[in-house]
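Peer 1: My structure is stored as target-v3.pdb, with PDB, C-alpha atoms, pLDDT in the B column.
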```pdb
ATOM      1  CA  MET C 225      -0.034  -2.112  42.068  1.00 81.00           C
ATOM      2  CA  ASN C 226       0.434  -5.860  42.410  1.00 87.00           C
ATOM      3  CA  GLU C 227      -1.689  -8.429  40.595  1.00 87.00           C
ATOM      4  CA  SER C 228      -3.899  -9.443  43.531  1.00 87.00           C
ATOM      5  CA  THR C 229      -4.661  -5.800  44.405  1.00 91.00           C
ATOM      6  CA  LEU C 230      -5.457  -5.071  40.759  1.00 91.00           C
ATOM      7  CA  VAL C 231      -7.844  -8.046  40.669  1.00 91.00           C
ATOM      8  CA  LYS C 232      -9.594  -6.881  43.861  1.00 93.00           C
ATOM      9  CA  TYR C 233     -10.071  -3.365  42.456  1.00 94.00           C
ATOM     10  CA  CYS C 234     -11.410  -4.795  39.192  1.00 92.00           C
ATOM     11  CA  ILE C 235     -13.878  -7.017  41.057  1.00 92.00           C
ATOM     12  CA  ASN C 236     -15.078  -3.958  42.967  1.00 93.00           C
ATOM     13  CA  GLY C 237     -15.806  -2.180  39.684  1.00 90.00           C
ATOM     14  CA  ASP C 238     -12.881   0.267  39.674  1.00 92.00           C
ATOM     15  CA  GLN C 239     -12.785   1.428  36.048  1.00 93.00           C
ATOM     16  CA  LYS C 240      -9.171   2.608  36.230  1.00 95.00           C
ATOM     17  CA  ALA C 241      -8.089  -0.826  37.451  1.00 94.00           C
ATOM     18  CA  GLN C 242     -10.154  -2.503  34.738  1.00 93.00           C
ATOM     19  CA  ARG C 243      -8.578  -0.262  32.105  1.00 94.00           C
ATOM     20  CA  MET C 244      -5.132  -1.099  33.526  1.00 95.00           C
ATOM     21  CA  LEU C 245      -5.828  -4.839  33.363  1.00 95.00           C
ATOM     22  CA  PHE C 246      -7.153  -4.524  29.821  1.00 95.00           C
ATOM     23  CA  GLU C 247      -4.137  -2.511  28.644  1.00 95.00           C
ATOM     24  CA  MET C 248      -1.782  -4.930  30.365  1.00 94.00           C
ATOM     25  CA  TYR C 249      -3.086  -8.009  28.548  1.00 95.00           C
ATOM     26  CA  ALA C 250      -4.965  -6.837  25.425  1.00 95.00           C
ATOM     27  CA  PRO C 251      -1.990  -6.702  23.006  1.00 94.00           C
ATOM     28  CA  LYS C 252      -0.795 -10.205  23.876  1.00 94.00           C
ATOM     29  CA  MET C 253      -4.332 -11.623  23.958  1.00 95.00           C
ATOM     30  CA  LEU C 254      -5.120 -10.085  20.573  1.00 94.00           C
ATOM     31  CA  GLY C 255      -2.197 -12.155  19.281  1.00 91.00           C
ATOM     32  CA  VAL C 256      -3.790 -15.265  20.812  1.00 92.00           C
ATOM     33  CA  CYS C 257      -7.156 -14.460  19.189  1.00 93.00           C
ATOM     34  CA  LEU C 258      -5.497 -13.717  15.826  1.00 90.00           C
ATOM     35  CA  ARG C 259      -4.121 -17.253  15.710  1.00 88.00           C
ATOM     36  CA  TYR C 260      -7.664 -18.625  15.649  1.00 88.00           C
ATOM     37  CA  ALA C 261      -9.577 -15.943  13.774  1.00 86.00           C
ATOM     38  CA  LYS C 262     -10.167 -15.637  10.043  1.00 82.00           C
ATOM     39  CA  ASN C 263      -9.284 -11.949  10.128  1.00 85.00           C
ATOM     40  CA  LYS C 264      -8.417  -9.082  12.443  1.00 89.00           C
ATOM     41  CA  GLU C 265     -12.047  -8.047  12.935  1.00 89.00           C
ATOM     42  CA  GLN C 266     -13.008 -11.524  14.101  1.00 88.00           C
ATOM     43  CA  ALA C 267     -10.001 -11.542  16.454  1.00 91.00           C
ATOM     44  CA  GLU C 268     -10.984  -8.161  17.878  1.00 93.00           C
ATOM     45  CA  ASP C 269     -14.539  -9.423  18.443  1.00 91.00           C
ATOM     46  CA  ALA C 270     -13.188 -12.473  20.283  1.00 93.00           C
ATOM     47  CA  LEU C 271     -10.881 -10.231  22.329  1.00 95.00           C
ATOM     48  CA  GLN C 272     -13.794  -7.995  23.306  1.00 94.00           C
ATOM     49  CA  ASP C 273     -16.049 -10.942  24.176  1.00 94.00           C
ATOM     50  CA  GLY C 274     -13.170 -12.551  26.058  1.00 95.00           C
ATOM     51  CA  PHE C 275     -12.588  -9.496  28.219  1.00 95.00           C
ATOM     52  CA  VAL C 276     -16.306  -9.293  29.000  1.00 94.00           C
ATOM     53  CA  LYS C 277     -15.976 -12.873  30.288  1.00 95.00           C
ATOM     54  CA  VAL C 278     -12.764 -12.004  32.171  1.00 95.00           C
ATOM     55  CA  PHE C 279     -14.380  -9.116  34.016  1.00 94.00           C
ATOM     56  CA  SER C 280     -17.625 -10.932  34.735  1.00 93.00           C
ATOM     57  CA  ASN C 281     -15.788 -13.997  36.079  1.00 93.00           C
ATOM     58  CA  LEU C 282     -12.794 -12.370  37.758  1.00 93.00           C
ATOM     59  CA  GLU C 283     -14.037 -13.298  41.221  1.00 92.00           C
ATOM     60  CA  LYS C 284     -13.585 -16.949  40.146  1.00 92.00           C
ATOM     61  CA  PHE C 285      -9.835 -16.428  39.611  1.00 91.00           C
ATOM     62  CA  SER C 286      -8.369 -18.347  42.522  1.00 85.00           C
ATOM     63  CA  GLY C 287      -4.926 -16.789  42.428  1.00 82.00           C
ATOM     64  CA  GLU C 288      -3.388 -20.177  41.746  1.00 84.00           C
ATOM     65  CA  GLY C 289      -1.310 -19.923  38.616  1.00 85.00           C
ATOM     66  CA  SER C 290      -0.834 -16.717  36.715  1.00 90.00           C
ATOM     67  CA  LEU C 291      -3.583 -14.261  35.905  1.00 93.00           C
ATOM     68  CA  GLU C 292      -2.174 -14.101  32.372  1.00 93.00           C
ATOM     69  CA  GLY C 293      -2.610 -17.860  31.951  1.00 92.00           C
ATOM     70  CA  TRP C 294      -6.172 -17.638  33.230  1.00 94.00           C
ATOM     71  CA  VAL C 295      -6.977 -14.776  30.823  1.00 95.00           C
ATOM     72  CA  ARG C 296      -5.295 -16.670  27.941  1.00 94.00           C
ATOM     73  CA  ARG C 297      -7.465 -19.742  28.578  1.00 93.00           C
ATOM     74  CA  ILE C 298     -10.583 -17.550  28.401  1.00 94.00           C
ATOM     75  CA  MET C 299      -9.375 -15.985  25.127  1.00 95.00           C
ATOM     76  CA  VAL C 300      -8.686 -19.383  23.549  1.00 93.00           C
ATOM     77  CA  ASN C 301     -12.093 -20.718  24.615  1.00 91.00           C
ATOM     78  CA  THR C 302     -13.851 -17.556  23.428  1.00 93.00           C
ATOM     79  CA  SER C 303     -12.098 -17.775  20.058  1.00 90.00           C
ATOM     80  CA  LEU C 304     -13.097 -21.422  19.712  1.00 87.00           C
ATOM     81  CA  ASP C 305     -16.690 -20.632  20.701  1.00 85.00           C
ATOM     82  CA  GLN C 306     -16.806 -17.943  18.035  1.00 83.00           C
ATOM     83  CA  ILE C 307     -15.499 -20.343  15.391  1.00 78.00           C
ATOM     84  CA  ARG C 308     -18.058 -22.956  16.430  1.00 75.00           C
ATOM     85  CA  LYS C 309     -20.814 -20.400  16.044  1.00 75.00           C
ATOM     86  CA  ASP C 310     -19.591 -19.408  12.579  1.00 67.00           C
ATOM     87  CA  ALA C 311     -19.256 -22.894  11.133  1.00 56.00           C
ATOM     88  CA  LYS C 312     -18.693 -26.533  11.923  1.00 50.00           C
ATOM     89  CA  LEU C 313     -15.154 -27.869  11.944  1.00 44.00           C
ATOM     90  CA  GLN C 314     -14.321 -28.954   8.415  1.00 44.00           C
ATOM     91  CA  ASN C 315     -11.778 -31.234   6.867  1.00 44.00           C
ATOM     92  CA  ASN C 316     -12.453 -34.057   9.345  1.00 46.00           C
ATOM     93  CA  VAL C 317     -10.545 -37.069   8.105  1.00 42.00           C
ATOM     94  CA  SER C 318      -9.646 -40.424   9.500  1.00 41.00           C
ATOM     95  CA  TRP C 319      -6.191 -40.863  11.003  1.00 40.00           C
ATOM     96  CA  ASP C 320      -5.691 -43.838   8.692  1.00 40.00           C
ATOM     97  CA  ASP C 321      -6.271 -41.629   5.630  1.00 39.00           C
ATOM     98  CA  VAL C 322      -3.484 -39.214   6.434  1.00 39.00           C
ATOM     99  CA  ASP C 323      -0.626 -39.188   3.987  1.00 39.00           C
ATOM    100  CA  PHE C 324       2.343 -38.168   6.094  1.00 40.00           C
ATOM    101  CA  LYS C 325       4.487 -35.631   4.381  1.00 38.00           C
ATOM    102  CA  ILE C 326       6.652 -34.948   7.407  1.00 39.00           C
ATOM    103  CA  GLU C 327       8.462 -37.950   8.780  1.00 39.00           C
ATOM    104  CA  ASN C 328       9.917 -36.838  12.071  1.00 39.00           C
ATOM    105  CA  ASP C 329       8.677 -34.917  15.064  1.00 38.00           C
ATOM    106  CA  SER C 330      11.470 -32.360  15.131  1.00 39.00           C
ATOM    107  CA  PHE C 331       9.311 -29.835  13.326  1.00 43.00           C
ATOM    108  CA  ILE C 332      11.031 -26.530  14.138  1.00 43.00           C
ATOM    109  CA  LEU C 333      10.409 -23.237  12.406  1.00 45.00           C
ATOM    110  CA  GLU C 334      13.551 -21.423  13.509  1.00 44.00           C
ATOM    111  CA  GLY C 335      13.880 -19.533  10.233  1.00 44.00           C
ATOM    112  CA  LEU C 336      10.568 -17.761  10.610  1.00 50.00           C
ATOM    113  CA  MET C 337       9.818 -14.668  12.610  1.00 61.00           C
ATOM    114  CA  ALA C 338       6.679 -14.818  14.786  1.00 64.00           C
ATOM    115  CA  GLU C 339       4.804 -12.476  12.455  1.00 68.00           C
ATOM    116  CA  ASP C 340       5.676 -14.619   9.428  1.00 72.00           C
ATOM    117  CA  LEU C 341       4.541 -17.750  11.248  1.00 73.00           C
ATOM    118  CA  LEU C 342       1.260 -16.078  12.169  1.00 76.00           C
ATOM    119  CA  LYS C 343       0.667 -15.145   8.514  1.00 80.00           C
ATOM    120  CA  LEU C 344       1.422 -18.708   7.455  1.00 81.00           C
ATOM    121  CA  ILE C 345      -0.878 -20.178  10.104  1.00 82.00           C
ATOM    122  CA  ASN C 346      -3.660 -17.831   9.039  1.00 82.00           C
ATOM    123  CA  THR C 347      -3.564 -19.232   5.488  1.00 87.00           C
ATOM    124  CA  MET C 348      -4.388 -22.739   6.766  1.00 89.00           C
ATOM    125  CA  PRO C 349      -7.860 -24.224   6.481  1.00 88.00           C
ATOM    126  CA  GLN C 350      -9.784 -23.487   9.694  1.00 85.00           C
ATOM    127  CA  GLY C 351      -9.716 -27.064  11.041  1.00 86.00           C
ATOM    128  CA  TYR C 352      -5.953 -27.336  10.616  1.00 89.00           C
ATOM    129  CA  LYS C 353      -5.400 -23.925  12.170  1.00 89.00           C
ATOM    130  CA  MET C 354      -7.419 -24.618  15.304  1.00 88.00           C
ATOM    131  CA  VAL C 355      -5.785 -27.954  16.031  1.00 91.00           C
ATOM    132  CA  PHE C 356      -2.290 -26.665  15.189  1.00 91.00           C
ATOM    133  CA  ASN C 357      -2.702 -23.692  17.540  1.00 88.00           C
ATOM    134  CA  LEU C 358      -4.117 -25.777  20.362  1.00 91.00           C
ATOM    135  CA  PHE C 359      -1.506 -28.530  20.091  1.00 91.00           C
ATOM    136  CA  ALA C 360       1.711 -26.834  18.945  1.00 87.00           C
ATOM    137  CA  ILE C 361       1.283 -23.400  20.487  1.00 83.00           C
ATOM    138  CA  GLU C 362      -1.073 -23.744  23.452  1.00 86.00           C
ATOM    139  CA  GLY C 363       0.213 -27.194  24.476  1.00 88.00           C
ATOM    140  CA  TYR C 364      -3.076 -29.084  24.697  1.00 90.00           C
ATOM    141  CA  SER C 365      -3.014 -32.863  24.206  1.00 93.00           C
ATOM    142  CA  HIS C 366      -4.949 -34.451  21.353  1.00 93.00           C
ATOM    143  CA  LYS C 367      -7.354 -35.871  23.920  1.00 94.00           C
ATOM    144  CA  GLU C 368      -8.012 -32.386  25.349  1.00 92.00           C
ATOM    145  CA  ILE C 369      -8.408 -30.946  21.845  1.00 91.00           C
ATOM    146  CA  ALA C 370     -10.898 -33.670  20.959  1.00 91.00           C
ATOM    147  CA  LEU C 371     -13.010 -32.807  23.996  1.00 90.00           C
ATOM    148  CA  LYS C 372     -12.719 -29.062  23.418  1.00 87.00           C
ATOM    149  CA  LEU C 373     -13.673 -29.221  19.721  1.00 88.00           C
ATOM    150  CA  ASN C 374     -16.091 -32.159  19.992  1.00 87.00           C
ATOM    151  CA  ILE C 375     -14.100 -34.260  17.513  1.00 90.00           C
ATOM    152  CA  SER C 376     -12.333 -37.593  17.835  1.00 92.00           C
ATOM    153  CA  GLU C 377      -8.779 -37.813  19.104  1.00 92.00           C
ATOM    154  CA  ASN C 378      -7.766 -39.338  15.754  1.00 92.00           C
ATOM    155  CA  THR C 379      -9.290 -36.393  13.906  1.00 91.00           C
ATOM    156  CA  SER C 380      -7.208 -34.064  16.052  1.00 92.00           C
ATOM    157  CA  LYS C 381      -4.081 -36.036  15.223  1.00 93.00           C
ATOM    158  CA  SER C 382      -4.851 -36.059  11.511  1.00 92.00           C
ATOM    159  CA  GLN C 383      -5.653 -32.333  11.461  1.00 92.00           C
ATOM    160  CA  TYR C 384      -2.340 -31.639  13.178  1.00 92.00           C
ATOM    161  CA  SER C 385      -0.440 -33.855  10.754  1.00 91.00           C
ATOM    162  CA  ARG C 386      -2.088 -32.174   7.807  1.00 91.00           C
ATOM    163  CA  ALA C 387      -1.332 -28.749   9.285  1.00 91.00           C
ATOM    164  CA  ARG C 388       2.336 -29.677   9.597  1.00 89.00           C
ATOM    165  CA  ALA C 389       2.369 -30.973   6.024  1.00 89.00           C
ATOM    166  CA  TYR C 390       0.680 -27.762   4.888  1.00 90.00           C
ATOM    167  CA  ILE C 391       3.321 -25.648   6.632  1.00 85.00           C
ATOM    168  CA  GLN C 392       6.109 -27.814   5.221  1.00 85.00           C
ATOM    169  CA  THR C 393       4.750 -27.360   1.693  1.00 87.00           C
ATOM    170  CA  LYS C 394       4.480 -23.584   2.173  1.00 84.00           C
ATOM    171  CA  LEU C 395       8.027 -23.431   3.560  1.00 80.00           C
ATOM    172  CA  GLU C 396       9.324 -25.369   0.568  1.00 82.00           C
ATOM    173  CA  GLU C 397       7.488 -22.958  -1.736  1.00 83.00           C
ATOM    174  CA  LEU C 398       9.215 -20.075   0.051  1.00 76.00           C
ATOM    175  CA  GLY C 399      12.578 -21.818  -0.194  1.00 76.00           C
ATOM    176  CA  ILE C 400      12.924 -22.224   3.582  1.00 71.00           C
ATOM    177  CA  GLU C 401      14.507 -25.506   4.664  1.00 60.00           C
ATOM    178  CA  ARG C 402      13.644 -27.077   7.978  1.00 52.00           C
TER     179      ARG C 402
END
```
Can you give me the file's structure in the form of structure tokens?
Peer 2:
Amino acid sequence: MNESTLVKYCINGDQKAQRMLFEMYAPKMLGVCLRYAKNKEQAEDALQDGFVKVFSNLEKFSGEGSLEGWVRRIMVNTSLDQIRKDAKLQNNVSWDDVDFKIENDSFILEGLMAEDLLKLINTMPQGYKMVFNLFAIEGYSHKEIALKLNISENTSKSQYSRARAYIQTKLEELGIER
């Protein structure tokens, strides 16, 4: 069954099609939610809430772009909404106060496996983690992040810089050179 047919069946309430869509995207989307969540339970809650939103808004999917990208955007937004409900973004600092530990932009983590990187990201303070995920992994600009998280663009930049410095410190502790 192709994607557009699957979407039509899901919109019409076909439970087999809905199960198929869920099974198709749930493992990858759980990975997206895990990058933002404090723990697996919180990620699973975000995944569940996200799929409720997917199925209740599926008729709004225009077919432009990929369905996976559309679902991913919902999962990211749901994860961020959940974090906002749990607590306010912490560690807000001025861009001018940032002590840069990493001097160049070629920050590449080639020596880490995806699972190791996820574990490392999950040890970050929540503010660092959200901005790092949105900027480095999801590809949002600092301006978009600022709007999404209701923070200043400079706060987004400083959180990202601090996240990179945090990762660099952890890599040095593990003996991994960049």
Peer 1: Nearest to Tyr384 in chain C: which of C:Asn281, C:Asn357, C:Ser286, C:Gln266 is it, counting all atoms listed in the file?
Peer 2: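 Among the listed residues, C:Asn357 lies closest to Tyr384 in chain C.
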Peer 1: From the set C:Leu282, C:Leu344, C:Ala270, C:Ile400, which residue has the shortest atom-to-atom contact distance to Ala387 in chain C, counting only C-alpha atoms?
Peer 2: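 Comparing C:Leu282, C:Leu344, C:Ala270, C:Ile400 against Ala387 in chain C, the winner is C:Leu344.
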Peer 1: For CA of Val295 in chain C and CA of Gly274 in chain C, quote the distance in Å rounded to one decimal.
Peer 2: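 Interatomic distance, CA of Val295 in chain C to CA of Gly274 in chain C: 8.1 Å.
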Peer 1: How many Å lie between CA of Ala267 in chain C and CA of Glu362 in chain C, rounded to one decimal?
Peer 2: 16.7 Å
Peer 1: Give the centre and edge lengths of an axis-aligned box, in Å to one decimal, that holds all listed atoms of range 263-270 of chain C with 6 Å on each side, as JSON.
Peer 2:
```
{"center_x": -11.5, "center_y": -10.3, "center_z": 15.2, "size_x": 18.1, "size_y": 16.4, "size_z": 22.2}
```
Peer 1: Taking (-2.3, -18.9, 8.9) in the file's coordinates, which residues come within 12 Å, counting all atoms listed in the file, written as a PyMOL selection string?
Peer 2: chain C and resi 258-263+338-354+356-357+387-388+390-391+394
Peer 1: Just checking: using only C-alpha atoms, which residue out of C:Arg296, C:Val355, C:Phe279, C:Ser228 ends up closest to Ser376 in chain C?
Peer 2: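 Of C:Arg296, C:Val355, C:Phe279, C:Ser228, the one nearest Ser376 in chain C, counting only C-alpha atoms, is C:Val355.
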Peer 1: What does the structure give for the distance between CA of Val276 in chain C and CA of Ser365 in chain C, in Å to one decimal?
Peer 2: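 Computing it gives 27.5 Å between the two atoms.
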Peer 1: Out of C:Lys277, C:Lys284, C:Lys232, C:Lys252, which residue has the shortest atom-to-atom distance to Thr302 in chain C when counting only C-alpha atoms?
Peer 2: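 Closest to Thr302 in chain C of all the choices is C:Lys277.
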Peer 1: For the file shown, what are the residues hit by the PyMOL selection byres ((chain C and resi 297) around 12), laid out as a ChimeraX atom specification?
Peer 2: /C:253,256-257,271,274-275,277-278,285,289-296,298-304,358,362-364,372
Peer 1: Could you tell me which of C:Leu373, C:Met244, C:Leu254, C:Leu395 comes closest to Arg308 in chain C if we count all atoms listed in the file?
Peer 2: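 Residue with the minimum atom-to-atom distance to Arg308 in chain C: C:Leu373.
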Peer 1: Looking at only C-alpha atoms, which of C:Gly255, C:Asp305, C:Asp273, C:Glu288 is the one that sits closest to Glu227 in chain C?
Peer 2: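 Closest to Glu227 in chain C, using only C-alpha atoms: C:Glu288.
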